[in-house]
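Asker: Have a peek at coords08.pdb (PDB, C-alpha atoms).
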```pdb
ATOM      1  CA  MET A  10      17.810 -22.387  11.133
ATOM      2  CA  THR A  11      15.373 -19.556  10.422
ATOM      3  CA  GLU A  12      14.597 -18.539   6.887
ATOM      4  CA  GLN A  13      16.131 -15.206   5.932
ATOM      5  CA  ARG A  14      13.812 -12.861   4.094
ATOM      6  CA  HIS A  15      14.834 -10.580   1.240
ATOM      7  CA  PRO A  16      12.548  -7.583   1.781
ATOM      8  CA  THR A  17      11.083  -5.298  -0.815
ATOM      9  CA  LEU A  18      12.705  -1.874  -0.846
ATOM     10  CA  LEU A  19      11.344   1.430  -2.115
ATOM     11  CA  ARG A  20      14.245   3.602  -3.211
ATOM     12  CA  THR A  21      13.484   7.324  -3.307
ATOM     13  CA  PRO A  22      15.623  10.348  -4.095
ATOM     14  CA  SER A  23      16.999  12.555  -1.362
ATOM     15  CA  TRP A  24      17.597  16.274  -1.322
ATOM     16  CA  ILE A  25      21.263  15.398  -0.781
ATOM     17  CA  PRO A  26      22.740  14.143  -4.091
ATOM     18  CA  GLY A  27      23.955  10.534  -3.956
ATOM     19  CA  LEU A  28      22.098   9.671  -0.728
ATOM     20  CA  ASP A  29      18.951   7.963  -1.912
ATOM     21  CA  SER A  30      16.598   6.655   0.757
ATOM     22  CA  GLU A  31      15.571   2.991   1.105
ATOM     23  CA  ILE A  32      12.224   2.240   2.734
ATOM     24  CA  PRO A  33      11.279  -1.393   3.508
ATOM     25  CA  LEU A  34       7.840  -2.434   2.209
ATOM     26  CA  VAL A  35       5.729  -5.340   3.458
ATOM     27  CA  LEU A  36       4.559  -6.916   0.173
ATOM     28  CA  PRO A  37       6.565  -8.526  -2.653
ATOM     29  CA  ALA A  38       7.874  -6.050  -5.249
ATOM     30  CA  GLU A  39       5.435  -7.232  -7.935
ATOM     31  CA  GLU A  40       2.504  -6.168  -5.705
ATOM     32  CA  TYR A  41       3.347  -2.469  -6.193
ATOM     33  CA  GLU A  42       2.768  -0.165  -9.145
ATOM     34  CA  ILE A  43       4.614   3.084  -9.879
ATOM     35  CA  VAL A  44       2.252   5.782 -11.179
ATOM     36  CA  ARG A  45       3.438   9.100 -12.605
ATOM     37  CA  LYS A  46       1.210  12.117 -11.924
ATOM     38  CA  GLY A  47       2.735  15.168 -13.551
ATOM     39  CA  ASP A  48       5.923  16.014 -11.677
ATOM     40  CA  ARG A  49       5.090  13.602  -8.862
ATOM     41  CA  VAL A  50       5.330   9.845  -8.492
ATOM     42  CA  GLN A  51       3.100   7.532  -6.501
ATOM     43  CA  VAL A  52       3.796   3.966  -5.424
ATOM     44  CA  VAL A  53       0.502   2.111  -5.015
ATOM     45  CA  GLU A  54      -0.398  -1.341  -3.683
ATOM     46  CA  ARG A  55      -2.007  -3.095  -6.671
ATOM     47  CA  ALA A  56      -4.620  -5.034  -4.671
ATOM     48  CA  THR A  57      -5.879  -2.221  -2.444
ATOM     49  CA  GLY A  58      -4.991   1.006  -4.245
ATOM     50  CA  LYS A  59      -3.300   2.215  -1.054
ATOM     51  CA  VAL A  60      -0.682   4.896  -1.788
ATOM     52  CA  VAL A  61       2.549   4.083   0.049
ATOM     53  CA  TYR A  62       4.613   6.914  -1.465
ATOM     54  CA  ASP A  63       3.697  10.233  -3.064
ATOM     55  CA  GLY A  64       6.624  12.456  -3.856
ATOM     56  CA  ILE A  65       9.455  13.253  -6.195
ATOM     57  CA  GLY A  66      10.951  10.668  -8.526
ATOM     58  CA  PRO A  67      12.522   8.695  -9.852
ATOM     59  CA  VAL A  68      11.677   5.773  -7.564
ATOM     60  CA  ASP A  69      12.399   2.065  -7.722
ATOM     61  CA  VAL A  70      10.645  -0.873  -6.064
ATOM     62  CA  SER A  71      12.811  -3.981  -5.925
ATOM     63  CA  THR A  72      13.764  -6.966  -3.826
ATOM     64  CA  SER A  73      16.808  -6.450  -1.623
ATOM     65  CA  LEU A  74      19.877  -8.492  -2.543
ATOM     66  CA  ALA A  75      20.670  -8.880   1.150
ATOM     67  CA  PRO A  76      18.407 -10.651   3.611
ATOM     68  CA  PHE A  77      17.346  -8.964   6.827
TER      69      PHE A  77
END
```
Just dump the structure as C-alpha cells.

Answerer:
Amino acid sequence: MTEQRHPTLLRTPSWIPGLDSEIPLVLPAEEYEIVRKGDRVQVVERATGKVVYDGIGPVDVSTSLAPF
C-alpha cells in the first residue's frame, strides 16, 4: 500500500466572499513564514527566502486534513 501524503495548503482570500482559494505547496507547513508588508501579505520559504505568494490577506499555511 502506498503512503498517503497530507499536503501543505496555502489558503488565500478570493474576490468572491466565502470562496477562499487553496493552493498546494511542496514543503511542510513549518517551512513557510507569513510576512505582512503594509496592506499586503507574503508567504516566504524560510530556507531560501523565495516568495510563493504576494497578495491580499489574510492567508493561512497549514497541513491538509485529507490526504491526496

Asker: Which residues, named as in the file, does the PyMOL selection byres ((chain A and resi 34) around 6) pick out? Answer as a PyMOL selection string.

Answerer: chain A and resi 17-18+33+35-36

Asker: Can you pull out the residues contacting Val44 of chain A? Cut-off 10 Å, using all atoms listed in the file, and skip same-chain residues under 3 positions away; I want them as JSON, numbers by chain.

Answerer: {"A": [41, 47, 49, 50, 51, 52, 53, 60, 63]}

Asker: Tell me which residues the PyMOL selection byres ((chain A and resi 42) around 12) grabs here, as a list in words.

Answerer: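 On this input, the PyMOL selection byres ((chain A and resi 42) around 12) captures Leu19, Leu36, Pro37, Ala38, Glu39, Glu40, Tyr41, Ile43, Val44, Arg45, Val50, Gln51, Val52, Val53, Glu54, Arg55, Ala56, Thr57, Gly58, Lys59, Val60, Val61, Tyr62, Val68, Asp69, Val70 and Ser71 of chain A.
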
Asker: Taking C-alpha atoms for each residue, export the selection above as a short mmCIF file (atom, residue, chain, number, x, y, z; two decimals), in the coordinates of the input.

Answerer:
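File produced: out_12.cif:
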```
data_model
loop_
_atom_site.label_atom_id
_atom_site.label_comp_id
_atom_site.auth_asym_id
_atom_site.auth_seq_id
_atom_site.Cartn_x
_atom_site.Cartn_y
_atom_site.Cartn_z
CA LEU A 19 11.34 1.43 -2.12
CA LEU A 36 4.56 -6.92 0.17
CA PRO A 37 6.56 -8.53 -2.65
CA ALA A 38 7.87 -6.05 -5.25
CA GLU A 39 5.44 -7.23 -7.94
CA GLU A 40 2.50 -6.17 -5.70
CA TYR A 41 3.35 -2.47 -6.19
CA ILE A 43 4.61 3.08 -9.88
CA VAL A 44 2.25 5.78 -11.18
CA ARG A 45 3.44 9.10 -12.60
CA VAL A 50 5.33 9.85 -8.49
CA GLN A 51 3.10 7.53 -6.50
CA VAL A 52 3.80 3.97 -5.42
CA VAL A 53 0.50 2.11 -5.01
CA GLU A 54 -0.40 -1.34 -3.68
CA ARG A 55 -2.01 -3.10 -6.67
CA ALA A 56 -4.62 -5.03 -4.67
CA THR A 57 -5.88 -2.22 -2.44
CA GLY A 58 -4.99 1.01 -4.24
CA LYS A 59 -3.30 2.22 -1.05
CA VAL A 60 -0.68 4.90 -1.79
CA VAL A 61 2.55 4.08 0.05
CA TYR A 62 4.61 6.91 -1.46
CA VAL A 68 11.68 5.77 -7.56
CA ASP A 69 12.40 2.06 -7.72
CA VAL A 70 10.64 -0.87 -6.06
CA SER A 71 12.81 -3.98 -5.92
#
```

Asker: Taking (19.3, 2.0, -3.1) as a centre in this file's frame and 9 Å as the limit, can you find every polymer residue with an atom that close, using all atoms listed in the file, and give them as a list in words?

Answerer: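 All residues meeting the 9 Å criterion around (19.3, 2.0, -3.1) are Leu18, Leu19, Arg20, Thr21, Leu28, Asp29, Ser30, Glu31, Asp69 and Ser73 of chain A.
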
Asker: Take the residues from that selection and put them in a file with C-alpha atoms, as a PDB file, in the coordinates of the input.

Answerer:
```
ATOM      1  CA  LEU A  18      12.705  -1.874  -0.846  1.00  0.00           C
ATOM      2  CA  LEU A  19      11.344   1.430  -2.115  1.00  0.00           C
ATOM      3  CA  ARG A  20      14.245   3.602  -3.211  1.00  0.00           C
ATOM      4  CA  THR A  21      13.484   7.324  -3.307  1.00  0.00           C
ATOM      5  CA  LEU A  28      22.098   9.671  -0.728  1.00  0.00           C
ATOM      6  CA  ASP A  29      18.951   7.963  -1.912  1.00  0.00           C
ATOM      7  CA  SER A  30      16.598   6.655   0.757  1.00  0.00           C
ATOM      8  CA  GLU A  31      15.571   2.991   1.105  1.00  0.00           C
ATOM      9  CA  ASP A  69      12.399   2.065  -7.722  1.00  0.00           C
ATOM     10  CA  SER A  73      16.808  -6.450  -1.623  1.00  0.00           C
TER      11      SER A  73
END
```

Asker: Measure the distance from atom CA of Pro67 of chain A to atom CA of Lys46 of chain A in Å and round it to one decimal.

Answerer: 12.0 Å

Asker: May I have the centre and edge lengths, in Å to one decimal, of an axis-aligned box around the listed atoms of segment 65-77 of chain A with 3 Å added to every side, as lines of an AutoDock Vina configuration file?

Answerer:
```
center_x = 15.1
center_y = 1.3
center_z = -1.5
size_x = 17.2
size_y = 29.9
size_z = 22.7
```
